[in-house]
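Enquirer: Provided below: data_36.cif, containing mmCIF, C-alpha atoms.
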data_protein
#
loop_
_atom_site.label_atom_id
_atom_site.label_comp_id
_atom_site.auth_asym_id
_atom_site.auth_seq_id
_atom_site.Cartn_x
_atom_site.Cartn_y
_atom_site.Cartn_z
CA MET M 1 -8.27 -26.01 88.12
CA ALA M 2 -5.21 -24.38 89.63
CA VAL M 3 -3.07 -25.99 86.95
CA LEU M 4 -5.32 -24.62 84.20
CA VAL M 5 -5.21 -21.12 85.67
CA THR M 6 -1.43 -21.31 85.90
CA ILE M 7 -1.13 -22.45 82.30
CA LEU M 8 -3.46 -19.68 81.14
CA ALA M 9 -1.50 -17.12 83.13
CA VAL M 10 1.76 -18.28 81.52
CA VAL M 11 0.20 -18.16 78.04
CA VAL M 12 -1.19 -14.66 78.65
CA GLY M 13 2.20 -13.59 79.94
CA LEU M 14 3.98 -14.92 76.87
CA LEU M 15 1.47 -13.32 74.53
CA SER M 16 1.88 -10.00 76.33
CA LEU M 17 5.64 -10.21 75.84
CA LEU M 18 5.09 -10.99 72.17
CA VAL M 19 2.77 -8.01 71.71
CA VAL M 20 5.21 -5.65 73.47
CA GLY M 21 8.02 -6.93 71.27
CA LEU M 22 6.00 -6.43 68.11
CA LEU M 23 5.00 -2.91 69.14
CA ARG M 24 8.61 -1.99 69.82
CA SER M 25 9.68 -3.45 66.48
CA HIS M 26 6.88 -1.57 64.73
CA ALA M 27 7.91 1.69 66.41
CA ALA M 28 11.53 1.18 65.37
CA ILE M 29 10.49 0.54 61.77
CA LEU M 30 8.26 3.63 61.72
CA LYS M 31 11.06 5.74 63.17
CA GLN M 32 13.49 4.55 60.51
CA LEU M 33 10.97 5.10 57.72
CA HIS M 34 10.29 8.59 59.04
CA GLU M 35 14.02 9.33 59.03
CA LEU M 36 14.16 8.19 55.42
CA GLY M 37 11.33 10.52 54.53
CA ALA M 38 8.84 7.80 53.72
CA GLY M 39 6.20 9.60 55.71
CA VAL M 40 6.37 12.67 53.51
CA GLY M 41 3.30 11.66 51.58
CA ASP M 42 1.49 9.89 54.36
CA PRO M 43 -2.21 10.76 54.07
CA ALA M 44 -2.39 10.85 57.87
CA GLU M 45 0.20 13.56 58.00
CA ARG M 46 -1.01 17.01 59.01
CA ALA M 47 -1.15 19.54 56.20
CA GLY M 48 1.88 21.74 56.04
CA VAL M 49 4.05 19.47 58.13
CA ARG M 50 6.65 17.98 55.87
CA THR M 51 10.05 16.65 56.70
CA PRO M 52 11.63 15.47 53.48
CA VAL M 53 15.03 13.92 53.64
CA GLU M 54 17.72 15.74 51.78
CA PHE M 55 18.23 14.92 48.14
CA LYS M 56 21.75 13.55 48.25
CA MET M 57 24.01 13.71 45.25
CA GLN M 58 27.48 12.31 44.83
CA SER M 59 30.08 14.89 44.05
CA GLY M 60 31.33 14.67 40.51
CA LEU M 61 30.45 12.17 37.87
CA PRO M 62 30.97 8.48 38.42
CA THR M 63 33.64 6.82 36.40
CA LEU M 64 33.73 3.29 35.18
CA ALA M 65 36.44 2.36 37.66
CA GLY M 66 37.08 3.34 41.24
CA ASP M 67 33.71 4.90 41.93
CA THR M 68 32.75 2.86 44.92
CA GLY M 69 30.68 5.72 46.28
CA PHE M 70 28.08 5.12 43.61
CA ARG M 71 25.77 2.17 43.62
CA ASP M 72 24.56 0.36 40.53
CA GLY M 73 21.46 1.37 38.69
CA ALA M 74 19.14 -1.04 36.92
CA ASP M 75 17.07 -1.03 33.76
CA VAL M 76 13.34 -0.68 34.26
CA ARG M 77 10.94 -3.33 33.02
CA GLY M 78 7.23 -3.44 33.59
CA ASN M 79 3.89 -2.50 32.14
CA SER M 80 2.33 0.71 30.99
CA VAL M 81 -1.14 1.74 32.13
CA ASP M 82 -2.35 0.46 28.75
CA ASP M 83 -0.83 -2.92 29.63
CA ASP M 84 1.97 -2.57 27.11
CA VAL M 85 5.04 -4.52 28.09
CA LEU M 86 8.06 -2.28 28.05
CA ALA M 87 11.73 -2.31 28.87
CA LEU M 88 13.45 1.03 29.36
CA ARG M 89 17.20 1.28 29.12
CA VAL M 90 18.76 3.11 32.05
CA VAL M 91 22.13 1.39 32.40
CA GLY M 92 24.39 2.06 29.47
CA ALA M 93 22.13 4.71 28.01
CA SER M 94 23.82 7.74 26.53
CA HIS M 95 21.64 10.02 28.66
CA PRO M 96 20.98 10.38 32.40
CA THR M 97 17.64 9.15 33.70
CA LEU M 98 15.62 10.67 36.51
CA LEU M 99 13.34 8.02 37.98
CA ALA M 100 10.34 9.41 39.84
CA PHE M 101 8.82 6.80 42.12
CA LEU M 102 5.25 7.88 42.79
CA SER M 103 2.03 6.37 44.05
CA SER M 104 -1.58 7.27 43.48
CA SER M 105 -2.39 7.63 47.15
CA CYS M 106 0.31 9.70 48.83
CA LEU M 107 -0.54 13.36 49.40
CA THR M 108 2.85 14.72 48.41
CA CYS M 109 2.80 12.71 45.19
CA ALA M 110 -0.29 14.66 44.12
CA GLY M 111 1.82 17.75 43.63
CA PHE M 112 4.29 15.85 41.47
CA TRP M 113 1.54 14.29 39.35
CA GLU M 114 0.22 17.82 38.85
CA SER M 115 3.64 19.17 37.90
CA PHE M 116 4.29 16.28 35.52
CA ALA M 117 0.95 16.83 33.77
CA GLU M 118 2.69 19.56 31.81
CA PRO M 119 6.08 18.07 30.90
CA ASP M 120 6.97 21.07 28.78
CA GLN M 121 6.98 23.19 31.92
CA LEU M 122 9.43 20.99 33.83
CA LEU M 123 12.54 22.66 32.39
CA LEU M 124 14.41 19.37 32.27
CA PRO M 125 17.74 19.39 30.45
CA GLU M 126 17.11 17.89 27.05
CA SER M 127 19.52 15.09 27.72
CA THR M 128 17.73 13.98 30.90
CA ARG M 129 14.94 11.45 30.60
CA LEU M 130 12.25 11.61 33.26
CA VAL M 131 10.53 8.28 33.90
CA VAL M 132 7.65 7.85 36.33
CA VAL M 133 7.65 4.50 38.13
CA THR M 134 4.73 3.17 40.14
CA LYS M 135 4.25 -0.22 41.71
CA ASP M 136 2.65 -3.10 39.83
CA ALA M 137 -1.06 -3.34 39.16
CA SER M 138 -1.23 -5.82 42.04
CA GLU M 139 -0.20 -3.06 44.44
CA GLU M 140 -1.54 0.02 42.68
CA SER M 141 -4.83 0.98 41.13
CA PRO M 142 -4.29 0.94 37.35
CA SER M 143 -7.35 3.12 36.78
CA ALA M 144 -6.12 5.67 39.31
CA ILE M 145 -2.67 5.67 37.73
CA ALA M 146 -4.21 5.97 34.26
CA SER M 147 -6.07 9.07 35.34
CA LEU M 148 -2.86 10.58 36.71
CA ALA M 149 -0.45 9.42 33.99
CA PRO M 150 1.32 12.45 32.53
CA PRO M 151 0.99 12.78 28.77
CA GLY M 152 4.25 12.41 26.93
CA LEU M 153 6.21 10.97 29.85
CA PRO M 154 7.10 7.30 30.10
CA LEU M 155 5.31 5.62 32.99
CA VAL M 156 6.21 2.11 34.08
CA MET M 157 4.30 0.05 36.61
CA SER M 158 7.11 -2.01 38.12
CA SER M 159 7.42 -3.18 41.71
CA ALA M 160 10.68 -4.80 40.62
CA ALA M 161 12.15 -1.36 39.95
CA TRP M 162 11.12 -0.23 43.44
CA ALA M 163 12.96 -3.24 44.82
CA ASP M 164 15.99 -2.76 42.55
CA TYR M 165 16.42 0.83 43.72
CA GLU M 166 15.44 0.05 47.34
CA VAL M 167 12.85 2.81 47.32
CA PRO M 168 11.82 3.54 50.92
CA GLY M 169 8.54 5.26 50.07
CA SER M 170 6.95 7.75 47.75
CA PRO M 171 7.67 10.24 46.41
CA TYR M 172 11.28 9.29 45.78
CA PHE M 173 13.70 10.29 43.04
CA VAL M 174 16.78 8.54 41.72
CA PHE M 175 19.16 10.19 39.25
CA VAL M 176 21.16 7.64 37.25
CA ASP M 177 24.17 8.40 35.10
CA GLY M 178 23.52 6.56 31.84
CA PRO M 179 26.98 5.74 30.46
CA THR M 180 28.22 4.26 33.75
CA GLY M 181 24.85 3.01 34.95
CA ARG M 182 25.57 4.27 38.44
CA VAL M 183 23.18 6.08 40.77
CA ARG M 184 24.43 9.61 41.10
CA GLY M 185 21.85 10.95 43.51
CA GLU M 186 18.61 10.10 45.23
CA GLY M 187 16.16 11.36 47.76
CA THR M 188 12.85 13.10 48.05
CA GLY M 189 11.35 16.52 48.26
CA ALA M 190 8.03 18.16 48.93
CA THR M 191 7.64 19.72 45.50
CA TRP M 192 9.03 19.35 42.00
CA LYS M 193 10.56 22.80 42.34
CA GLN M 194 12.48 21.67 45.41
CA VAL M 195 13.74 18.52 43.69
CA ALA M 196 14.68 20.50 40.58
CA ASN M 197 16.59 23.02 42.69
CA LEU M 198 18.52 20.24 44.39
CA LEU M 199 19.29 18.63 41.04
CA ALA M 200 20.43 21.96 39.63
CA GLN M 201 22.69 22.59 42.62
CA ALA M 202 24.12 19.12 42.54
CA THR M 203 24.68 18.81 38.81
CA GLY M 204 25.50 22.43 38.14
CA ASP M 205 22.95 22.28 35.34
CA LEU M 206 20.72 25.28 35.83
CA THR M 207 18.41 24.06 33.12
CA PHE M 208 16.56 22.19 35.87
CA THR M 209 15.36 25.50 37.22
CA ALA M 210 15.94 28.13 34.59
CA GLY M 211 15.28 26.43 31.28
CA PRO M 212 15.38 26.76 28.37
CA GLY M 213 15.33 22.98 28.26
CA ALA M 214 11.62 22.57 27.81
CA VAL M 215 11.15 19.05 26.60
CA ARG M 216 10.70 19.17 22.86
CA ARG M 217 8.62 16.28 21.69
CA SER M 218 7.09 16.05 18.31
CA LYS M 219 3.51 14.87 18.35
CA PRO M 220 2.99 12.43 15.51
CA GLN M 221 -0.27 13.19 13.80
CA SER M 222 0.77 11.88 10.43
CA ASP M 223 -0.69 8.41 10.82
CA ALA M 224 -3.94 9.64 12.28
CA ASP M 225 -4.28 12.29 9.58
CA ARG M 226 -3.59 9.75 6.83
CA GLU M 227 -6.05 7.23 8.25
CA ARG M 228 -8.72 9.92 8.60
CA GLU M 229 -8.20 11.02 5.01
CA ILE M 230 -8.44 7.45 3.69
CA ASP M 231 -11.52 6.75 5.81
CA GLN M 232 -13.20 9.90 4.52
CA GLN M 233 -12.48 8.95 0.92
CA LEU M 234 -13.81 5.42 1.47
CA LEU M 235 -16.91 6.71 3.22
CA ALA M 236 -17.49 9.23 0.44
CA ALA M 237 -17.40 6.31 -1.97
CA GLY M 238 -19.93 4.47 0.16
CA ILE M 239 -17.42 1.90 1.42
CA LEU M 240 -17.96 1.14 5.10
CA PRO M 241 -15.88 -1.01 7.46
CA GLY M 242 -16.23 -4.67 6.53
CA ASP M 243 -17.26 -3.89 2.95
CA PRO M 244 -16.52 -6.99 0.78
CA SER M 245 -14.67 -4.83 -1.75
CA LEU M 246 -11.96 -4.34 0.88
CA TYR M 247 -11.25 -8.08 0.82
CA PRO M 248 -11.29 -8.99 -2.86
CA ASP M 249 -9.59 -12.36 -2.42
CA ALA M 250 -11.44 -13.50 0.67
CA GLU M 251 -14.32 -15.94 0.78
CA PRO M 252 -17.54 -14.15 1.79
CA GLU M 253 -17.84 -16.15 5.00
CA GLN M 254 -14.30 -15.19 6.01
CA ILE M 255 -15.05 -11.48 6.03
CA MET P 1 17.13 -7.47 28.83
CA GLN P 2 14.24 -9.75 27.95
CA LEU P 3 11.00 -8.46 26.48
CA THR P 4 8.09 -10.84 25.95
CA ALA P 5 4.43 -10.20 25.19
CA GLN P 6 1.72 -11.03 22.66
CA GLY P 7 3.65 -14.07 21.43
CA ILE P 8 6.69 -11.98 20.53
CA SER P 9 9.89 -12.38 22.47
CA THR P 10 13.28 -10.73 22.17
CA THR P 11 16.47 -10.21 24.08
CA LEU P 12 17.61 -6.63 23.85
CA PRO P 13 21.34 -6.02 23.70
CA ALA P 14 23.09 -3.27 25.65
CA GLY P 15 21.75 0.15 24.83
CA TRP P 16 18.45 -1.10 23.42
CA GLU P 17 14.95 -0.77 24.75
CA GLY P 18 11.56 -1.82 23.53
CA ARG P 19 7.84 -1.95 23.88
CA ILE P 20 5.27 -4.50 22.80
CA SER P 21 1.75 -3.20 22.69
CA ARG P 22 -1.70 -3.86 21.37
CA ARG P 23 -4.19 -1.04 21.27
CA VAL P 24 -7.65 -1.59 22.64
CA ASP P 25 -9.81 -3.22 19.99
CA PRO P 26 -12.70 -0.86 19.18
CA THR P 27 -14.60 -3.62 17.41
CA LEU P 28 -14.66 -5.82 20.49
CA ASP P 29 -14.96 -2.94 22.93
CA SER P 30 -17.80 -0.62 21.97
CA ALA P 31 -17.08 1.60 24.97
CA ALA P 32 -13.55 2.12 23.68
CA ALA P 33 -14.88 2.90 20.22
CA ALA P 34 -17.29 5.41 21.69
CA ALA P 35 -14.43 6.95 23.66
CA GLY P 36 -12.51 7.63 20.48
CA PHE P 37 -10.08 4.69 20.55
CA GLY P 38 -10.79 3.86 16.93
CA THR P 39 -13.74 3.04 14.78
CA HIS P 40 -16.08 0.08 14.89
CA GLY P 41 -14.85 -2.42 12.33
CA GLU P 42 -11.22 -1.70 13.03
CA ARG P 43 -9.24 -4.55 14.54
CA THR P 44 -5.95 -4.20 16.38
CA TYR P 45 -2.96 -6.53 16.53
CA PRO P 46 0.39 -6.54 18.36
CA VAL P 47 3.10 -4.05 17.51
CA ALA P 48 6.69 -4.27 18.76
CA HIS P 49 9.02 -1.30 18.73
CA LEU P 50 12.69 -1.86 19.46
CA ALA P 51 15.32 0.87 19.36
CA ASN P 52 18.79 1.78 20.53
CA PHE P 53 17.59 5.22 21.60
CA PRO P 54 14.87 6.36 24.02
CA LEU P 55 11.47 5.68 22.49
CA PRO P 56 9.14 8.63 22.91
CA GLU P 57 5.67 8.01 24.26
CA GLN P 58 3.97 9.52 21.24
CA ARG P 59 4.71 7.10 18.42
CA ALA P 60 2.71 5.96 15.47
CA ASP P 61 2.58 2.28 14.58
CA PHE P 62 5.39 2.56 12.05
CA GLY P 63 7.50 4.88 14.15
CA SER P 64 6.46 8.40 13.23
CA GLY P 65 7.43 10.49 16.22
CA ALA P 66 10.34 8.18 17.01
CA VAL P 67 12.24 8.19 13.74
CA ASP P 68 12.15 11.98 13.81
CA LEU P 69 14.37 11.86 16.91
CA MET P 70 16.96 9.45 15.53
CA GLY P 71 20.62 10.29 15.41
CA PRO P 72 23.11 8.84 12.92
CA ASP P 73 23.96 5.90 15.19
CA HIS P 74 20.38 4.91 15.88
CA LEU P 75 18.21 2.04 14.68
CA PHE P 76 14.49 1.56 14.91
CA VAL P 77 12.86 -1.84 14.43
CA CYS P 78 9.11 -2.29 14.08
CA LEU P 79 7.24 -5.58 13.95
CA PHE P 80 3.64 -4.94 12.99
CA GLU P 81 1.17 -7.81 12.92
CA TYR P 82 -1.74 -7.96 10.50
CA GLY P 83 -4.99 -9.85 10.83
CA PRO P 84 -5.38 -13.56 10.13
CA GLU P 85 -7.08 -12.75 6.82
CA SER P 86 -3.64 -11.70 5.54
CA VAL P 87 -2.07 -15.11 6.10
CA GLY P 88 -1.71 -16.92 2.83
CA THR P 89 -1.98 -13.84 0.65
CA ALA P 90 0.71 -13.09 -1.92
CA LEU P 91 2.02 -10.06 -0.06
CA PHE P 92 2.78 -12.16 3.01
CA ALA P 93 4.07 -15.19 1.10
CA PRO P 94 7.71 -14.92 2.30
CA GLN P 95 8.17 -17.26 5.22
CA GLY P 96 9.99 -16.30 8.41
CA LEU P 97 11.19 -13.11 10.04
CA PRO P 98 14.19 -11.80 8.08
CA ARG P 99 17.13 -12.07 10.45
CA LYS P 100 20.07 -11.46 8.14
CA LEU P 101 19.63 -8.11 6.49
CA ARG P 102 22.22 -6.59 4.21
CA ALA P 103 23.13 -2.93 3.95
CA ALA P 104 22.29 -3.01 0.26
CA GLN P 105 18.67 -3.81 1.10
CA PHE P 106 18.16 -0.42 2.74
CA SER P 107 16.96 2.53 0.76
CA PRO P 108 15.73 6.05 1.53
CA ARG P 109 12.75 5.21 -0.68
CA ALA P 110 11.64 2.52 1.76
CA LEU P 111 10.85 5.13 4.41
CA GLN P 112 7.29 6.09 5.22
CA HIS P 113 8.38 9.71 5.23
CA VAL P 114 11.70 10.68 3.73
CA ILE P 115 14.02 12.09 6.39
CA ALA P 116 17.35 13.34 5.11
CA GLY P 117 20.13 10.82 5.65
CA GLN P 118 17.90 7.98 6.85
CA SER P 119 17.08 4.77 5.02
CA GLY P 120 14.70 1.92 5.61
CA PHE P 121 13.84 -1.69 4.94
CA GLN P 122 10.38 -3.15 4.74
CA ARG P 123 9.38 -6.77 4.30
CA PHE P 124 6.02 -8.49 4.67
CA PHE P 125 6.22 -12.09 5.83
CA THR P 126 4.46 -14.92 7.63
CA GLU P 127 5.80 -16.78 10.63
CA GLY P 128 3.95 -19.19 12.88
CA ASN P 129 0.78 -18.66 10.84
CA ARG P 130 0.91 -14.95 11.69
CA ALA P 131 1.26 -12.15 9.13
CA PHE P 132 3.76 -9.39 9.89
CA CYS P 133 5.56 -6.44 8.43
CA LEU P 134 9.15 -5.84 9.49
CA PHE P 135 10.15 -2.21 9.16
CA VAL P 136 13.69 -1.14 10.05
CA VAL P 137 15.03 2.42 9.92
CA LEU P 138 18.68 3.42 9.98
CA GLY P 139 19.47 6.83 11.47
CA SER P 140 22.10 7.29 8.79
CA HIS P 141 22.31 5.39 5.53
CA ASP P 142 26.03 6.15 5.45
CA ASN P 143 26.40 4.12 8.65
CA ALA P 144 24.58 1.11 7.22
CA PRO P 145 27.63 -1.20 7.30
CA ALA P 146 27.93 -0.66 11.05
CA LEU P 147 24.23 -0.40 11.91
CA VAL P 148 22.79 -3.34 9.97
CA PRO P 149 24.73 -5.96 11.98
CA LEU P 150 23.32 -4.43 15.17
CA GLY P 151 19.84 -4.80 13.73
CA ASN P 152 20.56 -8.39 12.78
CA GLN P 153 21.68 -9.06 16.34
CA VAL P 154 18.28 -7.99 17.64
CA LEU P 155 16.36 -9.79 14.91
CA SER P 156 18.29 -12.99 15.56
CA ALA P 157 17.27 -12.79 19.21
CA THR P 158 13.60 -12.28 18.31
CA THR P 159 11.12 -15.12 18.15
CA ILE P 160 7.47 -15.26 17.15
CA GLU P 161 5.18 -17.77 18.77
CA ALA P 162 2.94 -19.69 16.40
CA ARG P 163 -0.75 -18.98 16.58
#
Go through the file and emit its structure as structure tokens.
Expert:
Amino acid sequence: MAVLVTILAVVVGLLSLLVVGLLRSHAAILKQLHELGAGVGDPAERAGVRTPVEFKMQSGLPTLAGDTGFRDGADVRGNSVDDDVLALRVVGASHPTLLAFLSSSCLTCAGFWESFAEPDQLLLPESTRLVVVTKDASEESPSAIASLAPPGLPLVMSSAAWADYEVPGSPYFVFVDGPTGRVRGEGTGATWKQVANLLAQATGDLTFTAGPGAVRRSKPQSDADREREIDQQLLAAGILPGDPSLYPDAEPEQI
Amino acid sequence: MQLTAQGISTTLPAGWEGRISRRVDPTLDSAAAAAGFGTHGERTYPVAHLANFPLPEQRADFGSGAVDLMGPDHLFVCLFEYGPESVGTALFAPQGLPRKLRAAQFSPRALQHVIAGQSGFQRFFTEGNRAFCLFVVLGSHDNAPALVPLGNQVLSATTIEAR
């Protein structure tokens, strides 16, 4: 009996040490994440209390050689909310890319989703491509992302991109110089206006805050208009979808 | 950069990007049809868009919305699949994806909508028992001798899985 009690006491003691160690490790991780700003969008965070880390930009533009202060960017591959498979060129592109790493659940991200809902109001320089990156469908709710997806902006669901850019949490922004493929700046902010101000200060491009670089995107209606016109003409002629006259060379059973 | 979906696979060279998509099929999905994603009776098939410039989100199947943004050094490649009823028809009789285009094959008259300076190439074909249209647009017809080999590089790296 005494032996059993002793063994149990030793086991309990060891487990207690293990729990204390895990708690300390957890606290250290939380502290480091907080310092990186990962808690900015934490739903548990009290309203109005935000401690974003500074958006850090490298001074000057990276050059192909001798720019050790800049780390490498990576192209972004993943899926759209419509399950398209897409590959976006970031490295070697002729334009800079601003990657916005967002999630559907963080409170601070909500403000960015709202801002991005009207891309024309973002005052991005025309040469800068804004790409929203969420995690994969296995880690994000595709339906939630679909409801938030900004019209006219590329959105890629790619956990690989989060890993490539070592994103500590959301929201997080990475500004990549296209021709060199190097990361020129990264960090987070509480609002789009704050991030845009930091980008404007760092790049010297006031378009981020003052315009007039509203994103000009043509909205292709030509195909839809043409299809509608053809459908109307066919309907007016009494030809409905599946009408045999649409398949003159097909066997009836193949229609 | 590798891009694979819907039985279409390609390796994109530096500076290129792409998207392979298939719209929701309103004939198989009545809810989608009711939500305005097409009309009942319409069928959808894969479409691949490859380009050496940033593809805009709003693009029509044959590139309207994208070709409007092209500069003189840009190329746009579209692979549009048609339904199985097209296989074996005269229009799709040519076998195999054209992978060695010549500058002389491009013409401004091959464009869906004429855009000053641009030219296009269109070919219907069958590969792997699947019917396709290849549509290629050059941002500048004057640059055809330099641009067409870039297009051939992408086409040579593109494969279509048999159905």
Enquirer: From the set M:Val174, M:Leu240, M:Ile230, M:Leu17, which residue has the shortest atom-to-atom contact distance to chain P, counting only C-alpha atoms?
Expert: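 Among the listed residues, the smallest separation from chain P belongs to M:Leu240.
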Enquirer: Using all atoms listed in the file and a distance of at most 9 Å, pull out the residues of chain P that contact chain M, as a PyMOL selection string.
Expert: chain P and resi 1-5+12+14-24+39-42+52-66+68-69+85+89
Enquirer: Taking the file as shown, find all residues satisfying the PyMOL selection byres ((chain P and resi 147-152) around 8) and write them as a compact mmCIF listing (two decimals) with C-alpha atoms, in the coordinates of the input.
Expert:
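And here is the file that came out, result_8.txt:
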# COMPACT_ATOMS: atom_id res chain seq x y z
CA ASP P 73 23.96 5.90 15.19
CA HIS P 74 20.38 4.91 15.88
CA LEU P 75 18.21 2.04 14.68
CA VAL P 77 12.86 -1.84 14.43
CA ARG P 99 17.13 -12.07 10.45
CA LYS P 100 20.07 -11.46 8.14
CA LEU P 101 19.63 -8.11 6.49
CA ARG P 102 22.22 -6.59 4.21
CA ALA P 103 23.13 -2.93 3.95
CA LEU P 138 18.68 3.42 9.98
CA ASN P 143 26.40 4.12 8.65
CA ALA P 144 24.58 1.11 7.22
CA PRO P 145 27.63 -1.20 7.30
CA ALA P 146 27.93 -0.66 11.05
CA GLN P 153 21.68 -9.06 16.34
CA VAL P 154 18.28 -7.99 17.64
CA LEU P 155 16.36 -9.79 14.91
CA SER P 156 18.29 -12.99 15.56
Enquirer: Counting only C-alpha atoms, what is within 8 Å of Lys135 of chain M, bar same-chain residues fewer than 2 positions away, as a VMD selection string?
Expert: chain M and resid 103 133 137 to 140 157 to 160 162
Enquirer: Any chance you could work out the axis-aligned box around segment 123-135 of chain P, listed atoms only, 5 Å on each side, giving centre and edge lengths in Å to one decimal, as AutoDock Vina command-line options?
Expert:
--center_x 5.5 --center_y -10.7 --center_z 8.6 --size_x 19.4 --size_y 27.0 --size_z 18.6
Enquirer: Any idea what the distance is between atom CA of Gly181 of chain M and atom CA of Leu102 of chain M?
Expert: 21.7 Å
Enquirer: List as a PDB file with C-alpha atoms, in the coordinates of the input the residues having at least one atom at most 9 Å from position (6.7, -2.0, 7.4) as given in the file, counting all atoms listed in the file.
Expert:
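In the end it all went to out-v3.pdb:
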ATOM      1  CA  PHE P  62       5.390   2.560  12.050  1.00  0.00           C
ATOM      2  CA  CYS P  78       9.110  -2.290  14.080  1.00  0.00           C
ATOM      3  CA  LEU P  79       7.240  -5.580  13.950  1.00  0.00           C
ATOM      4  CA  PHE P  80       3.640  -4.940  12.990  1.00  0.00           C
ATOM      5  CA  ALA P 110      11.640   2.520   1.760  1.00  0.00           C
ATOM      6  CA  LEU P 111      10.850   5.130   4.410  1.00  0.00           C
ATOM      7  CA  GLN P 112       7.290   6.090   5.220  1.00  0.00           C
ATOM      8  CA  PHE P 121      13.840  -1.690   4.940  1.00  0.00           C
ATOM      9  CA  GLN P 122      10.380  -3.150   4.740  1.00  0.00           C
ATOM     10  CA  ARG P 123       9.380  -6.770   4.300  1.00  0.00           C
ATOM     11  CA  PHE P 124       6.020  -8.490   4.670  1.00  0.00           C
ATOM     12  CA  PHE P 132       3.760  -9.390   9.890  1.00  0.00           C
ATOM     13  CA  CYS P 133       5.560  -6.440   8.430  1.00  0.00           C
ATOM     14  CA  LEU P 134       9.150  -5.840   9.490  1.00  0.00           C
ATOM     15  CA  PHE P 135      10.150  -2.210   9.160  1.00  0.00           C
ATOM     16  CA  VAL P 136      13.690  -1.140  10.050  1.00  0.00           C
TER      17      VAL P 136
END
Enquirer: Applied to the shown file, which residues does the PyMOL selection byres ((chain M and resi 105) around 10) return, written as a ChimeraX atom specification?
Expert: /M:41-43,102-104,106-110,140-141,144-145,170
Enquirer: So how many Å separate atom CA of Lys193 of chain M and atom CA of Leu148 of chain M, to one decimal?
Expert: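 It comes out at 19.0 Å.
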Enquirer: Can you measure atom CA of Val81 of chain M to atom CA of Leu123 of chain M for me? One decimal in Å is fine.
Expert: 25.0 Å
Enquirer: I'd like the neighbourhood of Val183 of chain M as a PDB file with C-alpha atoms, in the frame of the given file, where a residue qualifies if any of its atoms comes within 8 Å (using only C-alpha atoms), though same-chain residues fewer than 2 positions away should be ignored.
Expert:
ATOM      1  CA  PHE M  70      28.080   5.120  43.610  1.00  0.00           C
ATOM      2  CA  ARG M  71      25.770   2.170  43.620  1.00  0.00           C
ATOM      3  CA  ASP M  72      24.560   0.360  40.530  1.00  0.00           C
ATOM      4  CA  GLY M  73      21.460   1.370  38.690  1.00  0.00           C
ATOM      5  CA  VAL M 174      16.780   8.540  41.720  1.00  0.00           C
ATOM      6  CA  PHE M 175      19.160  10.190  39.250  1.00  0.00           C
ATOM      7  CA  VAL M 176      21.160   7.640  37.250  1.00  0.00           C
ATOM      8  CA  ASP M 177      24.170   8.400  35.100  1.00  0.00           C
ATOM      9  CA  GLY M 181      24.850   3.010  34.950  1.00  0.00           C
ATOM     10  CA  GLY M 185      21.850  10.950  43.510  1.00  0.00           C
ATOM     11  CA  GLU M 186      18.610  10.100  45.230  1.00  0.00           C
TER      12      GLU M 186
END
Enquirer: Env of Glu81 of chain P: 8 Å cut, atoms = all atoms listed in the file, seq-sep filter 6 positions within chain, self excluded. Answer as a list in words.
Expert: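 Counting only the stated atoms, we get Tyr45, Pro46, Val47, Arg130, Ala131, Phe132 and Cys133 of chain P.
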Enquirer: Take the selection from the previous step and output its residues with C-alpha atoms, as an mmCIF file, keeping the file's coordinate frame.
Expert:
data_model
loop_
_atom_site.group_PDB
_atom_site.id
_atom_site.type_symbol
_atom_site.label_atom_id
_atom_site.label_comp_id
_atom_site.auth_asym_id
_atom_site.auth_seq_id
_atom_site.Cartn_x
_atom_site.Cartn_y
_atom_site.Cartn_z
ATOM 1 C CA TYR P 45 -2.960 -6.530 16.530
ATOM 2 C CA PRO P 46 0.390 -6.540 18.360
ATOM 3 C CA VAL P 47 3.100 -4.050 17.510
ATOM 4 C CA ARG P 130 0.910 -14.950 11.690
ATOM 5 C CA ALA P 131 1.260 -12.150 9.130
ATOM 6 C CA PHE P 132 3.760 -9.390 9.890
ATOM 7 C CA CYS P 133 5.560 -6.440 8.430
#
Enquirer: Where atoms are missing, can you supply N, CA and C atoms for segment 151-156 of chain M and output the lot as a CSV table (one decimal), in the coordinates of the input?
Expert:
chain,number,residue,atom,x,y,z
M,151,PRO,N,0.9,13.0,30.2
M,151,PRO,CA,1.0,12.8,28.8
M,151,PRO,C,2.4,13.0,28.3
M,152,GLY,N,2.9,12.2,27.5
M,152,GLY,CA,4.2,12.4,26.9
M,152,GLY,C,5.4,11.9,27.8
M,153,LEU,N,5.1,11.5,29.0
M,153,LEU,CA,6.2,11.0,29.8
M,153,LEU,C,6.1,9.5,30.0
M,154,PRO,N,7.2,8.7,29.9
M,154,PRO,CA,7.1,7.3,30.1
M,154,PRO,C,6.7,7.0,31.5
M,155,LEU,N,5.7,6.1,31.7
M,155,LEU,CA,5.3,5.6,33.0
M,155,LEU,C,5.4,4.1,33.0
M,156,VAL,N,6.1,3.6,34.0
M,156,VAL,CA,6.2,2.1,34.1
M,156,VAL,C,5.7,1.7,35.4
